[in-house]
Amino acid sequence: MIQYEKFTLSNGLQVLVHEDHTSPLAVLNVLYNVGSKDEDEARTGFAHLFEHLMFGGSVNIASFDEPLQKVGGENNAFTSPDLTNYYITLPSANLETAFWLESDRMLSLSFDPKVLEVQRQVVIEEFKQRYLNQPYGDTWLHMREMAYTTHPYRWPTIGKEIAHIEQATMDDVKNFFKRFYIPNNAILVVGGDVAVPQVKALAEKWFGTIPAGVPYRRALPAEPVQQTPRRKVVQAEVPLHAIVKAWHMPGKLSDDYYACDLLGDILGRGKSSRLYQALVQEQKLFSSASFFNMGSHDPGLMVFEGKLNKGVRLEEGEAAMMQALEKALQSLNQAELEKSKIQAESTLLFGEVELLERCMNLAFATNLGNTELINQEVAAIQAVQLEDLRRVASLYLKEECSNCLWYQSKQAEAAQASI
């Protein structure tokens, strides 16, 4: 059980305190309830852009990193479709430095045009390197657009296209900040060698006077139930053919979520999983094969990913994958369910070893609407029965709910054509 205390400031900032006096360290984690799913379709990539802009200094502090490094601290951040998270780890004796830095950029982020231009170019270069100039890098640009027709999961965190960041104006940036980076749209978690009264005092001192903004009420369009399978072929200069196939599944708060998650582990987690054994080890058609759950807050995807060995055609690979999948689903057994439960629990428990992980997980659960979810996951995993796996497999792994991407290697296709 992860122990915590929770209180809310008058401006709406939710604060959680997790005491752990085993080492003289502290973590300050700020989660903003904004991800790429909250963006305007014509202005995507802004949540990720802000992940960079928030390190560009504030009106009062030119460099975010420098004062933190002077007190032995380190920091980082990440953005997902569902949220944006910033974290600092430092000696607990210097905790107030973290409060000072995080509160200052929430209150008075620098909107220096030079900072915007620098970070714009950083994000554009990242887009090119990770998505356009890397083998298979644009896979999820294609897959998201195919699998989602309505919900904003249809574009990736970095943005739908480079032009949206290239054309972002200072007014666009300021409006986005004003809407989302406000205390009543944030969760502050402080953990480690700290005390609740100390954190309450520091939270009031540094965050209590920041004005609340207009409450954000998320009202995203629901993705319609998919009625027919979708397919797409992409051809590129990559060494091997690849197949990605995705099926719609419920979101993280659904009663079926953990059954889907455990099913995915059985099918494709690691080298002992069903699909890896069948496709890579036994049939030797694939060089890699995995099956996983995207883990999204809203209804998401269960995904098969695999790269074919040289000489194996895409048609042959997909047929073998579907046969292996069907065989696995027809022969699910209690032993592999128990194994997947142990794996899932071990992942949770190992995650709780690190103070930072505990603090982030407290923020994630709170953002889902119930902090106690962090202490209920093991029970939810244990509650899954074999019939639940069979039921969710029949409900969600249907062909009409599938989206299949063939990532065709020009080199492999040319070699096969010459035979």
# chains A, B, ... in the order shown; residues from 1 in each chain; ligands from 1
$ closest_atom_pairs --of "region 216-309 of chain A" --to "region 79-93 of chain A" --cutoff "12 Å" --atoms "only C-alpha atoms" --output "JSON lines"
{"residue": "A:Arg218", "atom": "CA", "partner": "A:Asp82", "partner_atom": "CA", "distance": 11.2}
{"residue": "A:Leu220", "atom": "CA", "partner": "A:Asp82", "partner_atom": "CA", "distance": 11.7}
{"residue": "A:Gly251", "atom": "CA", "partner": "A:Asp82", "partner_atom": "CA", "distance": 11.5}
{"residue": "A:Lys252", "atom": "CA", "partner": "A:Asp82", "partner_atom": "CA", "distance": 11.2}
{"residue": "A:Met294", "atom": "CA", "partner": "A:Pro81", "partner_atom": "CA", "distance": 10.7}
{"residue": "A:Gly295", "atom": "CA", "partner": "A:Asp82", "partner_atom": "CA", "distance": 10.2}
{"residue": "A:Ser296", "atom": "CA", "partner": "A:Asp82", "partner_atom": "CA", "distance": 7.2}
{"residue": "A:His297", "atom": "CA", "partner": "A:Asp82", "partner_atom": "CA", "distance": 6.6}
{"residue": "A:Asp298", "atom": "CA", "partner": "A:Asp82", "partner_atom": "CA", "distance": 8.4}
{"residue": "A:Pro299", "atom": "CA", "partner": "A:Asp82", "partner_atom": "CA", "distance": 11.6}
{"residue": "A:Gly300", "atom": "CA", "partner": "A:Pro81", "partner_atom": "CA", "distance": 10.9}
$ residues_around --residues "Gly213 (chain A)" --least-positions-apart "3" --cutoff "8 Å" --atoms "only C-alpha atoms" --output "short mmCIF file (atom, residue, chain, number, x, y, z; two decimals) with N, CA, C and O atoms, in the first residue's frame"
data_model
loop_
_atom_site.label_atom_id
_atom_site.label_comp_id
_atom_site.auth_asym_id
_atom_site.auth_seq_id
_atom_site.Cartn_x
_atom_site.Cartn_y
_atom_site.Cartn_z
N LYS A 178 -2.70 29.66 -21.14
CA LYS A 178 -3.72 30.23 -20.27
C LYS A 178 -4.86 29.24 -20.02
O LYS A 178 -5.45 29.22 -18.93
N ARG A 179 -5.12 28.40 -20.99
CA ARG A 179 -6.24 27.47 -20.86
C ARG A 179 -5.90 26.28 -19.99
O ARG A 179 -6.75 25.81 -19.22
N ILE A 182 -2.75 25.94 -15.46
CA ILE A 182 -3.35 26.68 -14.35
C ILE A 182 -3.45 25.75 -13.14
O ILE A 182 -3.50 24.53 -13.29
N PRO A 183 -3.48 26.29 -11.94
CA PRO A 183 -3.48 25.42 -10.75
C PRO A 183 -4.66 24.47 -10.67
O PRO A 183 -4.51 23.34 -10.21
N ASN A 184 -5.83 24.92 -11.11
CA ASN A 184 -7.01 24.05 -11.04
C ASN A 184 -7.07 23.03 -12.17
O ASN A 184 -8.05 22.30 -12.30
#
$ residues_around --residues "region 280-286 of chain A" --least-positions-apart "3" --cutoff "9 Å" --atoms "only C-alpha atoms" --output "list in words"
Ala242, Lys271, Leu275, Tyr276, Gln277, Ala289, Gly306, Lys307, Leu308, Asn309, Lys310, Gly311, Val312, Glu316, Gly317 and Ala320 of chain A
$ residues_around --residues "Glu96 (chain A)" --least-positions-apart "3" --cutoff "8 Å" --atoms "only C-alpha atoms" --output "number ranges by chain"
A: 99-100, 202
$ write_last_selection --atoms "C-alpha atoms" --output "short mmCIF file (atom, residue, chain, number, x, y, z; two decimals), in the first residue's frame"
data_model
loop_
_atom_site.label_atom_id
_atom_site.label_comp_id
_atom_site.auth_asym_id
_atom_site.auth_seq_id
_atom_site.Cartn_x
_atom_site.Cartn_y
_atom_site.Cartn_z
CA PHE A 99 8.65 24.72 -5.21
CA TRP A 100 10.10 28.07 -6.28
CA LEU A 202 5.35 25.44 1.04
#
$ residues_around --residues "Met106 (chain A)" --least-positions-apart "6" --cutoff "12 Å" --atoms "only C-alpha atoms" --output "PyMOL selection string"
chain A and resi 13+30-32+50+53-55+57-60+86+99-100+177-186+188+206-213
$ residues_around --residues "Leu28 (chain A)" --least-positions-apart "4" --cutoff "12 Å" --atoms "only C-alpha atoms" --output "PyMOL selection string"
chain A and resi 15-18+73-77+85-92+94-103+187-194+199+202-203+355-360+362-363
$ write_last_selection --atoms "C-alpha atoms" --output "PDB file, in the first residue's frame"
ATOM      1  CA  VAL A  15      -1.687  18.365  -3.587  1.00  0.00           C
ATOM      2  CA  LEU A  16      -0.605  14.904  -2.462  1.00  0.00           C
ATOM      3  CA  VAL A  17       2.127  14.113   0.051  1.00  0.00           C
ATOM      4  CA  HIS A  18       3.866  10.756   0.239  1.00  0.00           C
ATOM      5  CA  GLY A  73      18.688  18.441  -8.408  1.00  0.00           C
ATOM      6  CA  GLU A  74      17.686  17.008 -11.754  1.00  0.00           C
ATOM      7  CA  ASN A  75      14.486  17.206 -13.739  1.00  0.00           C
ATOM      8  CA  ASN A  76      12.685  16.085 -16.837  1.00  0.00           C
ATOM      9  CA  ALA A  77       9.222  15.844 -18.384  1.00  0.00           C
ATOM     10  CA  ASN A  85       4.132  15.494 -16.486  1.00  0.00           C
ATOM     11  CA  TYR A  86       7.086  17.431 -15.037  1.00  0.00           C
ATOM     12  CA  TYR A  87       9.275  16.102 -12.240  1.00  0.00           C
ATOM     13  CA  ILE A  88      12.206  17.139 -10.081  1.00  0.00           C
ATOM     14  CA  THR A  89      14.389  14.978  -7.833  1.00  0.00           C
ATOM     15  CA  LEU A  90      16.698  16.717  -5.350  1.00  0.00           C
ATOM     16  CA  PRO A  91      18.068  16.537  -1.788  1.00  0.00           C
ATOM     17  CA  SER A  92      15.155  17.025   0.589  1.00  0.00           C
ATOM     18  CA  ASN A  94      16.635  21.869  -0.865  1.00  0.00           C
ATOM     19  CA  LEU A  95      12.961  21.089  -1.469  1.00  0.00           C
ATOM     20  CA  GLU A  96      11.937  24.738  -1.497  1.00  0.00           C
ATOM     21  CA  THR A  97      14.032  25.345  -4.605  1.00  0.00           C
ATOM     22  CA  ALA A  98      11.776  22.936  -6.493  1.00  0.00           C
ATOM     23  CA  PHE A  99       8.649  24.723  -5.209  1.00  0.00           C
ATOM     24  CA  TRP A 100      10.102  28.067  -6.282  1.00  0.00           C
ATOM     25  CA  LEU A 101      10.955  26.897  -9.795  1.00  0.00           C
ATOM     26  CA  GLU A 102       7.730  25.023 -10.543  1.00  0.00           C
ATOM     27  CA  SER A 103       5.436  27.688  -9.149  1.00  0.00           C
ATOM     28  CA  ILE A 187      -1.859  17.905  -9.583  1.00  0.00           C
ATOM     29  CA  LEU A 188       1.176  18.427  -7.347  1.00  0.00           C
ATOM     30  CA  VAL A 189       2.743  15.373  -5.686  1.00  0.00           C
ATOM     31  CA  VAL A 190       5.567  15.804  -3.174  1.00  0.00           C
ATOM     32  CA  GLY A 191       7.260  12.698  -1.859  1.00  0.00           C
ATOM     33  CA  GLY A 192      10.279  11.476   0.053  1.00  0.00           C
ATOM     34  CA  ASP A 193      11.973  12.870   3.134  1.00  0.00           C
ATOM     35  CA  VAL A 194       9.245  15.452   3.677  1.00  0.00           C
ATOM     36  CA  VAL A 199       4.506  20.595   2.286  1.00  0.00           C
ATOM     37  CA  LEU A 202       5.353  25.444   1.043  1.00  0.00           C
ATOM     38  CA  ALA A 203       2.384  24.762  -1.224  1.00  0.00           C
ATOM     39  CA  LEU A 355      10.333   7.117  -5.094  1.00  0.00           C
ATOM     40  CA  LEU A 356       9.846   8.975  -8.364  1.00  0.00           C
ATOM     41  CA  GLU A 357       7.707   6.161  -9.793  1.00  0.00           C
ATOM     42  CA  ARG A 358       5.472   6.191  -6.712  1.00  0.00           C
ATOM     43  CA  CYS A 359       4.977   9.939  -6.949  1.00  0.00           C
ATOM     44  CA  MET A 360       4.196   9.817 -10.653  1.00  0.00           C
ATOM     45  CA  LEU A 362      -0.047   8.881  -7.446  1.00  0.00           C
ATOM     46  CA  ALA A 363      -0.434  11.749  -9.907  1.00  0.00           C
TER      47      ALA A 363
END
$ select_by_dssp --residues "region 169-279 of chain A" --states "strand (DSSP E)" --output "PyMOL selection string"
chain A and resi 186-192+230-236+242-249
$ atom_distance --atom1 "CA of Val27 (chain A)" --atom2 "CA of Glu352 (chain A)"
13.8 Å
$ decode --residues "region 156-194 of chain A" --atoms "N, CA and C atoms" --output "PDB file, in the first residue's frame"
ATOM      1  N   PRO A 156      -0.583  11.774 -33.287  1.00  0.00           N
ATOM      2  CA  PRO A 156       0.384  11.446 -32.235  1.00  0.00           C
ATOM      3  C   PRO A 156       0.699  12.653 -31.365  1.00  0.00           C
ATOM      4  N   THR A 157       1.378  12.401 -30.267  1.00  0.00           N
ATOM      5  CA  THR A 157       1.697  13.466 -29.316  1.00  0.00           C
ATOM      6  C   THR A 157       2.499  14.579 -29.946  1.00  0.00           C
ATOM      7  N   ILE A 158       3.410  14.255 -30.824  1.00  0.00           N
ATOM      8  CA  ILE A 158       4.268  15.284 -31.419  1.00  0.00           C
ATOM      9  C   ILE A 158       3.514  16.171 -32.407  1.00  0.00           C
ATOM     10  N   GLY A 159       2.330  15.728 -32.815  1.00  0.00           N
ATOM     11  CA  GLY A 159       1.516  16.539 -33.717  1.00  0.00           C
ATOM     12  C   GLY A 159       1.161  15.794 -34.989  1.00  0.00           C
ATOM     13  N   LYS A 160       0.133  16.279 -35.633  1.00  0.00           N
ATOM     14  CA  LYS A 160      -0.368  15.652 -36.851  1.00  0.00           C
ATOM     15  C   LYS A 160       0.549  15.915 -38.036  1.00  0.00           C
ATOM     16  N   GLU A 161       1.099  17.121 -38.092  1.00  0.00           N
ATOM     17  CA  GLU A 161       2.016  17.495 -39.167  1.00  0.00           C
ATOM     18  C   GLU A 161       2.915  18.638 -38.710  1.00  0.00           C
ATOM     19  N   ILE A 162       4.083  18.717 -39.300  1.00  0.00           N
ATOM     20  CA  ILE A 162       5.072  19.725 -38.907  1.00  0.00           C
ATOM     21  C   ILE A 162       4.522  21.137 -39.045  1.00  0.00           C
ATOM     22  N   ALA A 163       3.698  21.358 -40.052  1.00  0.00           N
ATOM     23  CA  ALA A 163       3.191  22.712 -40.332  1.00  0.00           C
ATOM     24  C   ALA A 163       2.486  23.336 -39.139  1.00  0.00           C
ATOM     25  N   HIS A 164       1.834  22.519 -38.300  1.00  0.00           N
ATOM     26  CA  HIS A 164       1.111  23.074 -37.155  1.00  0.00           C
ATOM     27  C   HIS A 164       2.069  23.755 -36.171  1.00  0.00           C
ATOM     28  N   ILE A 165       3.264  23.211 -36.001  1.00  0.00           N
ATOM     29  CA  ILE A 165       4.253  23.836 -35.127  1.00  0.00           C
ATOM     30  C   ILE A 165       4.968  24.961 -35.857  1.00  0.00           C
ATOM     31  N   GLU A 166       5.228  24.768 -37.124  1.00  0.00           N
ATOM     32  CA  GLU A 166       5.893  25.815 -37.922  1.00  0.00           C
ATOM     33  C   GLU A 166       5.064  27.094 -37.931  1.00  0.00           C
ATOM     34  N   GLN A 167       3.760  26.952 -37.964  1.00  0.00           N
ATOM     35  CA  GLN A 167       2.872  28.110 -38.105  1.00  0.00           C
ATOM     36  C   GLN A 167       2.315  28.619 -36.777  1.00  0.00           C
ATOM     37  N   ALA A 168       2.711  28.018 -35.672  1.00  0.00           N
ATOM     38  CA  ALA A 168       2.197  28.438 -34.362  1.00  0.00           C
ATOM     39  C   ALA A 168       2.606  29.871 -34.053  1.00  0.00           C
ATOM     40  N   THR A 169       1.650  30.710 -33.711  1.00  0.00           N
ATOM     41  CA  THR A 169       1.933  32.102 -33.382  1.00  0.00           C
ATOM     42  C   THR A 169       2.091  32.265 -31.872  1.00  0.00           C
ATOM     43  N   MET A 170       2.617  33.391 -31.455  1.00  0.00           N
ATOM     44  CA  MET A 170       2.752  33.658 -30.028  1.00  0.00           C
ATOM     45  C   MET A 170       1.383  33.709 -29.350  1.00  0.00           C
ATOM     46  N   ASP A 171       0.394  34.232 -30.037  1.00  0.00           N
ATOM     47  CA  ASP A 171      -0.965  34.253 -29.471  1.00  0.00           C
ATOM     48  C   ASP A 171      -1.502  32.839 -29.274  1.00  0.00           C
ATOM     49  N   ASP A 172      -1.244  31.948 -30.245  1.00  0.00           N
ATOM     50  CA  ASP A 172      -1.659  30.553 -30.106  1.00  0.00           C
ATOM     51  C   ASP A 172      -1.055  29.942 -28.848  1.00  0.00           C
ATOM     52  N   VAL A 173       0.247  30.189 -28.660  1.00  0.00           N
ATOM     53  CA  VAL A 173       0.980  29.625 -27.531  1.00  0.00           C
ATOM     54  C   VAL A 173       0.445  30.179 -26.214  1.00  0.00           C
ATOM     55  N   LYS A 174       0.253  31.481 -26.141  1.00  0.00           N
ATOM     56  CA  LYS A 174      -0.247  32.106 -24.920  1.00  0.00           C
ATOM     57  C   LYS A 174      -1.644  31.612 -24.565  1.00  0.00           C
ATOM     58  N   ASN A 175      -2.498  31.460 -25.563  1.00  0.00           N
ATOM     59  CA  ASN A 175      -3.868  30.994 -25.310  1.00  0.00           C
ATOM     60  C   ASN A 175      -3.876  29.556 -24.800  1.00  0.00           C
ATOM     61  N   PHE A 176      -2.997  28.728 -25.348  1.00  0.00           N
ATOM     62  CA  PHE A 176      -2.907  27.341 -24.901  1.00  0.00           C
ATOM     63  C   PHE A 176      -2.443  27.287 -23.449  1.00  0.00           C
ATOM     64  N   PHE A 177      -1.448  28.084 -23.129  1.00  0.00           N
ATOM     65  CA  PHE A 177      -0.925  28.132 -21.760  1.00  0.00           C
ATOM     66  C   PHE A 177      -2.010  28.601 -20.788  1.00  0.00           C
ATOM     67  N   LYS A 178      -2.696  29.656 -21.141  1.00  0.00           N
ATOM     68  CA  LYS A 178      -3.723  30.233 -20.268  1.00  0.00           C
ATOM     69  C   LYS A 178      -4.855  29.243 -20.018  1.00  0.00           C
ATOM     70  N   ARG A 179      -5.123  28.404 -20.989  1.00  0.00           N
ATOM     71  CA  ARG A 179      -6.237  27.472 -20.861  1.00  0.00           C
ATOM     72  C   ARG A 179      -5.899  26.275 -19.988  1.00  0.00           C
ATOM     73  N   PHE A 180      -4.655  25.777 -20.096  1.00  0.00           N
ATOM     74  CA  PHE A 180      -4.342  24.495 -19.467  1.00  0.00           C
ATOM     75  C   PHE A 180      -3.343  24.539 -18.314  1.00  0.00           C
ATOM     76  N   TYR A 181      -2.433  25.496 -18.308  1.00  0.00           N
ATOM     77  CA  TYR A 181      -1.350  25.477 -17.311  1.00  0.00           C
ATOM     78  C   TYR A 181      -1.711  26.364 -16.123  1.00  0.00           C
ATOM     79  N   ILE A 182      -2.755  25.936 -15.459  1.00  0.00           N
ATOM     80  CA  ILE A 182      -3.345  26.684 -14.350  1.00  0.00           C
ATOM     81  C   ILE A 182      -3.451  25.751 -13.144  1.00  0.00           C
ATOM     82  N   PRO A 183      -3.483  26.289 -11.940  1.00  0.00           N
ATOM     83  CA  PRO A 183      -3.480  25.420 -10.746  1.00  0.00           C
ATOM     84  C   PRO A 183      -4.657  24.471 -10.669  1.00  0.00           C
ATOM     85  N   ASN A 184      -5.833  24.923 -11.112  1.00  0.00           N
ATOM     86  CA  ASN A 184      -7.008  24.052 -11.038  1.00  0.00           C
ATOM     87  C   ASN A 184      -7.070  23.032 -12.166  1.00  0.00           C
ATOM     88  N   ASN A 185      -6.003  22.954 -12.965  1.00  0.00           N
ATOM     89  CA  ASN A 185      -5.880  21.895 -13.970  1.00  0.00           C
ATOM     90  C   ASN A 185      -4.592  21.108 -13.742  1.00  0.00           C
ATOM     91  N   ALA A 186      -4.104  21.132 -12.491  1.00  0.00           N
ATOM     92  CA  ALA A 186      -2.823  20.498 -12.170  1.00  0.00           C
ATOM     93  C   ALA A 186      -2.914  19.682 -10.892  1.00  0.00           C
ATOM     94  N   ILE A 187      -1.989  18.745 -10.777  1.00  0.00           N
ATOM     95  CA  ILE A 187      -1.859  17.905  -9.583  1.00  0.00           C
ATOM     96  C   ILE A 187      -0.402  17.955  -9.146  1.00  0.00           C
ATOM     97  N   LEU A 188      -0.168  18.343  -7.906  1.00  0.00           N
ATOM     98  CA  LEU A 188       1.176  18.427  -7.347  1.00  0.00           C
ATOM     99  C   LEU A 188       1.372  17.271  -6.367  1.00  0.00           C
ATOM    100  N   VAL A 189       2.402  16.462  -6.607  1.00  0.00           N
ATOM    101  CA  VAL A 189       2.743  15.373  -5.686  1.00  0.00           C
ATOM    102  C   VAL A 189       4.143  15.628  -5.152  1.00  0.00           C
ATOM    103  N   VAL A 190       4.268  15.620  -3.829  1.00  0.00           N
ATOM    104  CA  VAL A 190       5.567  15.804  -3.174  1.00  0.00           C
ATOM    105  C   VAL A 190       5.832  14.565  -2.336  1.00  0.00           C
ATOM    106  N   GLY A 191       6.974  13.935  -2.568  1.00  0.00           N
ATOM    107  CA  GLY A 191       7.260  12.698  -1.859  1.00  0.00           C
ATOM    108  C   GLY A 191       8.688  12.629  -1.366  1.00  0.00           C
ATOM    109  N   GLY A 192       8.931  11.697  -0.452  1.00  0.00           N
ATOM    110  CA  GLY A 192      10.279  11.476   0.053  1.00  0.00           C
ATOM    111  C   GLY A 192      10.443  11.918   1.487  1.00  0.00           C
ATOM    112  N   ASP A 193      11.621  12.449   1.774  1.00  0.00           N
ATOM    113  CA  ASP A 193      11.973  12.870   3.134  1.00  0.00           C
ATOM    114  C   ASP A 193      11.343  14.225   3.435  1.00  0.00           C
ATOM    115  N   VAL A 194      10.024  14.231   3.478  1.00  0.00           N
ATOM    116  CA  VAL A 194       9.245  15.452   3.677  1.00  0.00           C
ATOM    117  C   VAL A 194       8.183  15.179   4.736  1.00  0.00           C
TER     118      VAL A 194
END
